[in-house]
Structure formats: structure tokens, C-alpha cells
Amino acid sequence: MQVPQNAVRETPVAVPANQALSPDRLLQLGMGFWASKAMLSAVELGVFTQLAGGSRSREQLERALGLHPRSSRDFLDTLVALGALERDNGQYRNAPDADLFFDRAKPSYVGGLLEMMETRLYADWGSLTDALRTGLPQNRTKDGASPFDELYRNEASLRSFLQAMTGVSLGAARAIATKFPWENYRSFIDIGAAQGACPVQIAQAHPHLRGGGFDLPVVAPVFNDYVAAHGLQDRLRFHPGDFFNDPCPSADVLIMGHILHDWDYDQKQALLAKCYDALPTGGCLIVYDAIIDDERRHNAFGLLMSLNMLIETPGGFDYTGKECCEWMTAAGFRDVRVEPLLGPDSMVIGIK
């Protein structure tokens, strides 16, 4: 068939291989802060603590939490859809995990981490683009202050921060208590112990061990209260000091968890060297963080945590297992290895 010269030719269009792709996944990533902020507000309002005593109706929760009638139904049902609450016959109750971990009255409470997200990190992350363009932190440290000055300014903010550190460390601490060969050692000290979650978990699992925590002197009352609440004050002792200006205390095993990523490369090396010096021959150092996989493709949490270090600290960054092994080997450790813990966390172990 002859095509008229003035006719528009239609070039056959090949069907792209990705025709079945949907933008939904990427859009959900971009809008993930919706669900995040709903959870942060629920913790701030005390929803889970209020429901720890039993089921409540929407009207009861409105009165107890100060919710406006326009917002309460959508807010509470959002928490149901997210799996944080359950609802039957108009009565709301905590999901089992929310009841265990987000009731402020329980010793298992880890909501302090989300409280810190609400009061500090949520706003700071709004300036991520500026951080990416400047390489500068986006909190008070951009004015030259220490990243911990604001956190330690009074007892309330200190306790809130240390409680948050328990929230981020508790799962890894439990894994360390079960996966490390503690039967071969007699003593341990957690460097940068915060509230004391890791020493408590290890001491509970291994009655033959004695240990403690090393942190700034202002942390002592918080550590001692936490340890006493678990009945371990006879076996766990607080060691006051500054790990940049004072020697680390000695024990068979030293632990440094969610500490190394706060600091720049030179500071990381200095801390590893101090731990090496404090250990006896045959002693062991355990470093744990959200260790990034060596290919830097899979541990999204670890990579996001490194971006958080960009926003929150002058020089901190997270790192791969291979990098940490190289640093520890350079500090003198032998038989350095990486072992997974729980979720995004892994530990790097080295022997002196």
C-alpha cells in the first residue's frame, strides 16, 4: 500500500521492558515521614502508656490525651493500620510489642529513642539537603558546640538521651550476651555505657561475670539507678571518666557500642588505641554499630545512620566491617572478625 506523501508516519513503538513498573514503592519511600510522625506523636502523647492499663474507647482517649474530636478517629485508626494498636468493637488496645516497649512505666520501655527523634532529630533532618551541600552538621554543632553539650545540659535531657541509647542498643546487647563466648572471660567494661543496657543484659545472662560502665561523671546517677532497678549493683560498677582525656579502665573484655560512629577518622583511631592499651594480653575488644555491608548496598539503616552522623556531628560517620577490621588491625588487634547481631547491627571482635 502506498502511503500519501503528506501522511504522518507512525513509527512502531517498542513496548519497554519496564512497562509493568509502578512508582508506588518510591512514592512510599518519599512519604514515609507520614507514618513516622504519627508514631512519634503517639509516643509523645503517651498513647501506649495510657492503653497499658486496658482497652479504651475513642472518647476516653480523647479526654485522657487531649485529642480534638476531628482528629482522634483518623489518628487512632492510623495507628491500627500501622500495627501499633488493635481495635475491637470500638475499643482500642496496644499491640503486644507496643505494650511491652512503649509503656513508660515498664522497665522494657525503649520509647526514649523515639522521644529523641521527636524533639531533636525530626527537625534536624529537615535540613538534610543543606548538610549534603555543605558537609556541615545541622544542629548546634554547626556553631562550634560539642554535639553532646545540649544533651547533657540538665538532668532531664540527659536522662532522656541515655534512655534513647538504651532503645537503640537493647537488641544488640541481648545478642552480644548470647553470641559472645563469655565463659572464657571473667570481667568486662562497656566504654560509653550510657544508661547501662549492655552491661545489664550481659550480667543477667552470665552470673560469673563482673563488670561495669565507663562514661562521663554526670552519667553516674542514671547508670546506678538503672543497674539497681535490675538488682545488679553488687556486680556492676560505674567508672567515671572522659575517654578522650582519661585512660580507659581495664578488664578482660572492653565493649564500645554505638560510640565509634560519633567521631572522625583520627578520633576513631585514638579510641581504638586507648582500648588496646587498657586490655591485658589475650583480652578482647567488641565494637558494635549498625555496620554497613562491605558492598554498601544492603544495610540501608547503617547508611542512613551515617547520614544522621553528618547532620548531628562535626565529623562522625558509620563504616563497613572491612574498614573497622583494618582500623583494629592497625591498632594492634589480631584475629579480627565481624559477626552479625540483630537487625542492622554487627560486632567487630579483636584480640590483644
# chains A, B, ... in the order shown; residues from 1 in each chain; ligands from 1
>>> closest_atom_pairs(of="range 237-352 of chain A", to="range 113-129 of chain A", cutoff="10 Å", atoms="only C-alpha atoms", output="tab-separated table")
residue	atom	partner	partner_atom	distance
A:Leu307	CA	A:Leu128	CA	8.2
A:Asn308	CA	A:Trp125	CA	7.7
A:Leu310	CA	A:Leu128	CA	8.6
A:Ile311	CA	A:Leu128	CA	6.8
A:Glu312	CA	A:Asp124	CA	7.8
>>> write_last_selection(atoms="C-alpha atoms", output="compact mmCIF listing (two decimals), in the first residue's frame")
# COMPACT_ATOMS: atom_id res chain seq x y z
CA LEU A 307 23.75 10.49 57.23
CA ASN A 308 22.45 11.10 60.74
CA LEU A 310 26.52 14.04 59.13
CA ILE A 311 23.56 16.01 60.47
CA GLU A 312 24.39 15.60 64.16
>>> residues_around(residues="Gly257 in chain A", least_positions_apart="2", cutoff="10 Å", atoms="only C-alpha atoms", output="VMD selection string")
chain A and resid 165 169 172 to 173 190 to 194 198 254 to 255 259 to 261 286 to 290 345 to 347
>>> write_last_selection(atoms="N, CA, C and O atoms", output="PDB file, in the first residue's frame")
ATOM      1  N   MET A 165      19.462   5.902  74.149  1.00  0.00           N
ATOM      2  CA  MET A 165      20.563   4.999  73.823  1.00  0.00           C
ATOM      3  C   MET A 165      20.242   3.563  74.223  1.00  0.00           C
ATOM      4  O   MET A 165      20.665   2.610  73.561  1.00  0.00           O
ATOM      5  N   SER A 169      20.173   0.332  71.621  1.00  0.00           N
ATOM      6  CA  SER A 169      21.200  -0.671  71.908  1.00  0.00           C
ATOM      7  C   SER A 169      20.674  -1.986  72.472  1.00  0.00           C
ATOM      8  O   SER A 169      21.403  -2.983  72.479  1.00  0.00           O
ATOM      9  N   ALA A 172      20.881  -5.307  70.293  1.00  0.00           N
ATOM     10  CA  ALA A 172      22.267  -5.728  70.079  1.00  0.00           C
ATOM     11  C   ALA A 172      22.884  -6.234  71.372  1.00  0.00           C
ATOM     12  O   ALA A 172      23.648  -7.210  71.377  1.00  0.00           O
ATOM     13  N   ALA A 173      22.560  -5.578  72.493  1.00  0.00           N
ATOM     14  CA  ALA A 173      23.105  -6.004  73.777  1.00  0.00           C
ATOM     15  C   ALA A 173      22.674  -7.424  74.125  1.00  0.00           C
ATOM     16  O   ALA A 173      23.481  -8.238  74.608  1.00  0.00           O
ATOM     17  N   ASP A 190      31.869  -1.670  79.659  1.00  0.00           N
ATOM     18  CA  ASP A 190      31.282  -1.026  78.490  1.00  0.00           C
ATOM     19  C   ASP A 190      31.778   0.415  78.436  1.00  0.00           C
ATOM     20  O   ASP A 190      31.537   1.208  79.354  1.00  0.00           O
ATOM     21  N   ILE A 191      32.489   0.763  77.369  1.00  0.00           N
ATOM     22  CA  ILE A 191      33.051   2.103  77.199  1.00  0.00           C
ATOM     23  C   ILE A 191      31.993   2.994  76.551  1.00  0.00           C
ATOM     24  O   ILE A 191      31.568   2.758  75.424  1.00  0.00           O
ATOM     25  N   GLY A 192      31.581   4.038  77.267  1.00  0.00           N
ATOM     26  CA  GLY A 192      30.464   4.845  76.805  1.00  0.00           C
ATOM     27  C   GLY A 192      29.165   4.135  77.104  1.00  0.00           C
ATOM     28  O   GLY A 192      28.328   3.915  76.223  1.00  0.00           O
ATOM     29  N   ALA A 193      28.977   3.766  78.366  1.00  0.00           N
ATOM     30  CA  ALA A 193      27.922   2.817  78.748  1.00  0.00           C
ATOM     31  C   ALA A 193      26.524   3.405  78.755  1.00  0.00           C
ATOM     32  O   ALA A 193      25.545   2.668  78.776  1.00  0.00           O
ATOM     33  N   ALA A 194      26.404   4.738  78.793  1.00  0.00           N
ATOM     34  CA  ALA A 194      25.091   5.389  78.870  1.00  0.00           C
ATOM     35  C   ALA A 194      24.318   4.859  80.075  1.00  0.00           C
ATOM     36  O   ALA A 194      24.860   4.743  81.173  1.00  0.00           O
ATOM     37  N   CYS A 198      23.704  -2.509  78.025  1.00  0.00           N
ATOM     38  CA  CYS A 198      24.556  -3.629  77.619  1.00  0.00           C
ATOM     39  C   CYS A 198      25.150  -4.357  78.833  1.00  0.00           C
ATOM     40  O   CYS A 198      25.061  -5.587  78.909  1.00  0.00           O
ATOM     41  N   LEU A 254      36.528  -5.328  76.726  1.00  0.00           N
ATOM     42  CA  LEU A 254      36.003  -3.973  76.606  1.00  0.00           C
ATOM     43  C   LEU A 254      34.987  -3.943  75.473  1.00  0.00           C
ATOM     44  O   LEU A 254      35.172  -4.608  74.443  1.00  0.00           O
ATOM     45  N   ILE A 255      33.936  -3.177  75.665  1.00  0.00           N
ATOM     46  CA  ILE A 255      32.861  -3.069  74.680  1.00  0.00           C
ATOM     47  C   ILE A 255      32.693  -1.603  74.310  1.00  0.00           C
ATOM     48  O   ILE A 255      32.714  -0.730  75.184  1.00  0.00           O
ATOM     49  N   ILE A 259      29.329   4.035  69.617  1.00  0.00           N
ATOM     50  CA  ILE A 259      30.225   5.104  70.040  1.00  0.00           C
ATOM     51  C   ILE A 259      31.141   5.528  68.899  1.00  0.00           C
ATOM     52  O   ILE A 259      31.264   6.718  68.591  1.00  0.00           O
ATOM     53  N   LEU A 260      31.767   4.550  68.257  1.00  0.00           N
ATOM     54  CA  LEU A 260      32.806   4.854  67.279  1.00  0.00           C
ATOM     55  C   LEU A 260      32.269   5.714  66.132  1.00  0.00           C
ATOM     56  O   LEU A 260      32.985   6.561  65.593  1.00  0.00           O
ATOM     57  N   HIS A 261      31.007   5.519  65.769  1.00  0.00           N
ATOM     58  CA  HIS A 261      30.484   6.260  64.613  1.00  0.00           C
ATOM     59  C   HIS A 261      30.275   7.746  64.897  1.00  0.00           C
ATOM     60  O   HIS A 261      30.048   8.523  63.968  1.00  0.00           O
ATOM     61  N   ILE A 286      35.176  -5.572  71.774  1.00  0.00           N
ATOM     62  CA  ILE A 286      33.980  -5.720  70.949  1.00  0.00           C
ATOM     63  C   ILE A 286      33.515  -4.329  70.549  1.00  0.00           C
ATOM     64  O   ILE A 286      33.217  -3.495  71.410  1.00  0.00           O
ATOM     65  N   VAL A 287      33.483  -4.057  69.263  1.00  0.00           N
ATOM     66  CA  VAL A 287      32.920  -2.820  68.733  1.00  0.00           C
ATOM     67  C   VAL A 287      31.625  -3.171  68.021  1.00  0.00           C
ATOM     68  O   VAL A 287      31.613  -4.056  67.158  1.00  0.00           O
ATOM     69  N   TYR A 288      30.530  -2.529  68.395  1.00  0.00           N
ATOM     70  CA  TYR A 288      29.298  -2.782  67.635  1.00  0.00           C
ATOM     71  C   TYR A 288      28.622  -1.479  67.250  1.00  0.00           C
ATOM     72  O   TYR A 288      28.641  -0.497  67.965  1.00  0.00           O
ATOM     73  N   ASP A 289      28.078  -1.497  66.047  1.00  0.00           N
ATOM     74  CA  ASP A 289      27.380  -0.371  65.449  1.00  0.00           C
ATOM     75  C   ASP A 289      26.462  -0.951  64.381  1.00  0.00           C
ATOM     76  O   ASP A 289      26.417  -2.179  64.180  1.00  0.00           O
ATOM     77  N   ALA A 290      25.763  -0.083  63.686  1.00  0.00           N
ATOM     78  CA  ALA A 290      24.999  -0.514  62.511  1.00  0.00           C
ATOM     79  C   ALA A 290      25.996  -0.643  61.357  1.00  0.00           C
ATOM     80  O   ALA A 290      26.030   0.186  60.441  1.00  0.00           O
ATOM     81  N   ASP A 345      22.622  -4.300  63.173  1.00  0.00           N
ATOM     82  CA  ASP A 345      23.843  -4.232  63.978  1.00  0.00           C
ATOM     83  C   ASP A 345      24.716  -5.467  63.814  1.00  0.00           C
ATOM     84  O   ASP A 345      24.221  -6.601  63.723  1.00  0.00           O
ATOM     85  N   SER A 346      26.012  -5.237  63.814  1.00  0.00           N
ATOM     86  CA  SER A 346      27.023  -6.306  63.845  1.00  0.00           C
ATOM     87  C   SER A 346      28.090  -5.902  64.845  1.00  0.00           C
ATOM     88  O   SER A 346      28.212  -4.732  65.218  1.00  0.00           O
ATOM     89  N   MET A 347      28.876  -6.900  65.287  1.00  0.00           N
ATOM     90  CA  MET A 347      30.009  -6.590  66.161  1.00  0.00           C
ATOM     91  C   MET A 347      31.304  -6.996  65.470  1.00  0.00           C
ATOM     92  O   MET A 347      31.365  -7.971  64.723  1.00  0.00           O
TER      93      MET A 347
END
>>> atom_distance(atom1="CA of Phe244 in chain A", atom2="CA of Pro181 in chain A")
28.9 Å
>>> residues_around(residues="range 228-241 of chain A", least_positions_apart="5", cutoff="6 Å", atoms="only C-alpha atoms", output="list in words")
Arg210, Gly211, Gly212, Gly213, Phe214, Asp215, Leu216 and Pro217 of chain A
>>> write_last_selection(atoms="N, CA and C atoms", output="CSV table (one decimal), in the first residue's frame")
chain,number,residue,atom,x,y,z
A,210,ARG,N,31.7,-10.1,86.3
A,210,ARG,CA,31.6,-8.8,87.0
A,210,ARG,C,32.1,-7.8,86.0
A,211,GLY,N,31.4,-6.6,86.1
A,211,GLY,CA,31.7,-5.6,85.1
A,211,GLY,C,31.3,-4.2,85.5
A,212,GLY,N,31.1,-3.4,84.4
A,212,GLY,CA,30.7,-2.1,84.7
A,212,GLY,C,30.6,-1.2,83.5
A,213,GLY,N,30.5,0.1,83.7
A,213,GLY,CA,30.4,1.0,82.6
A,213,GLY,C,31.3,2.2,82.8
A,214,PHE,N,31.8,2.7,81.7
A,214,PHE,CA,32.7,3.9,81.8
A,214,PHE,C,32.1,5.0,81.0
A,215,ASP,N,31.8,6.1,81.6
A,215,ASP,CA,31.2,7.3,81.0
A,215,ASP,C,31.5,8.5,81.7
A,216,LEU,N,31.0,9.6,81.2
A,216,LEU,CA,31.3,10.9,81.9
A,216,LEU,C,30.7,10.9,83.3
A,217,PRO,N,31.3,11.6,84.3
A,217,PRO,CA,30.8,11.5,85.7
A,217,PRO,C,29.3,11.9,85.8
>>> atom_distance(atom1="CA of Ala273 in chain A", atom2="CA of Gly332 in chain A")
8.1 Å
>>> select_by_dssp(residues="range 99-325 of chain A", states="strand (DSSP E)", output="list in words")
Ser187, Phe188, Ile189, Asp190, Ile191, Arg210, Gly211, Gly212, Gly213, Phe214, Asp215, Leu236, Arg237, Phe238, His239, Pro240, Val253, Leu254, Ile255, Met256, Gly257, Cys284, Leu285, Ile286, Val287, Tyr288 and Asp289 of chain A
>>> closest_residue(among="A:Asn94, A:Leu79, A:Lys322, A:His208", to="Arg337 in chain A", atoms="only C-alpha atoms")
A:Lys322
>>> closest_residue(among="A:Leu209, A:Ala197, A:Ala131, A:Met39", to="Ser108 in chain A", atoms="only C-alpha atoms")
A:Ala197
>>> residues_around(residues="Ser55 in chain A", least_positions_apart="2", cutoff="6 Å", atoms="only C-alpha atoms", output="ChimeraX atom specification")
/A:51,91-93
>>> write_last_selection(atoms="N, CA and C atoms", output="PDB file, in the first residue's frame")
ATOM      1  N   LEU A  51      -2.888   3.195  77.298  1.00  0.00           N
ATOM      2  CA  LEU A  51      -3.582   1.943  76.988  1.00  0.00           C
ATOM      3  C   LEU A  51      -2.965   0.736  77.699  1.00  0.00           C
ATOM      4  N   GLN A  91     -13.177  -0.429  70.760  1.00  0.00           N
ATOM      5  CA  GLN A  91     -12.234  -0.331  71.871  1.00  0.00           C
ATOM      6  C   GLN A  91     -10.802  -0.512  71.348  1.00  0.00           C
ATOM      7  N   TYR A  92      -9.940   0.418  71.711  1.00  0.00           N
ATOM      8  CA  TYR A  92      -8.548   0.381  71.273  1.00  0.00           C
ATOM      9  C   TYR A  92      -7.670  -0.231  72.367  1.00  0.00           C
ATOM     10  N   ARG A  93      -6.658  -0.992  71.938  1.00  0.00           N
ATOM     11  CA  ARG A  93      -5.676  -1.557  72.865  1.00  0.00           C
ATOM     12  C   ARG A  93      -4.321  -1.602  72.173  1.00  0.00           C
TER      13      ARG A  93
END
>>> atom_distance(atom1="CA of Glu326 in chain A", atom2="CA of Val338 in chain A")
11.4 Å
>>> closest_residue(among="A:Phe180, A:Ile189, A:Arg63, A:Val227", to="Gln204 in chain A", atoms="only C-alpha atoms")
A:Val227
>>> closest_residue(among="A:Arg25, A:Arg334, A:Arg159, A:Arg70", to="Ala220 in chain A", atoms="only C-alpha atoms")
A:Arg159
>>> residues_around(residues="Met305 in chain A", least_positions_apart="4", cutoff="7 Å", atoms="only C-alpha atoms", output="JSON, numbers by chain")
{"A": [301, 309, 318]}
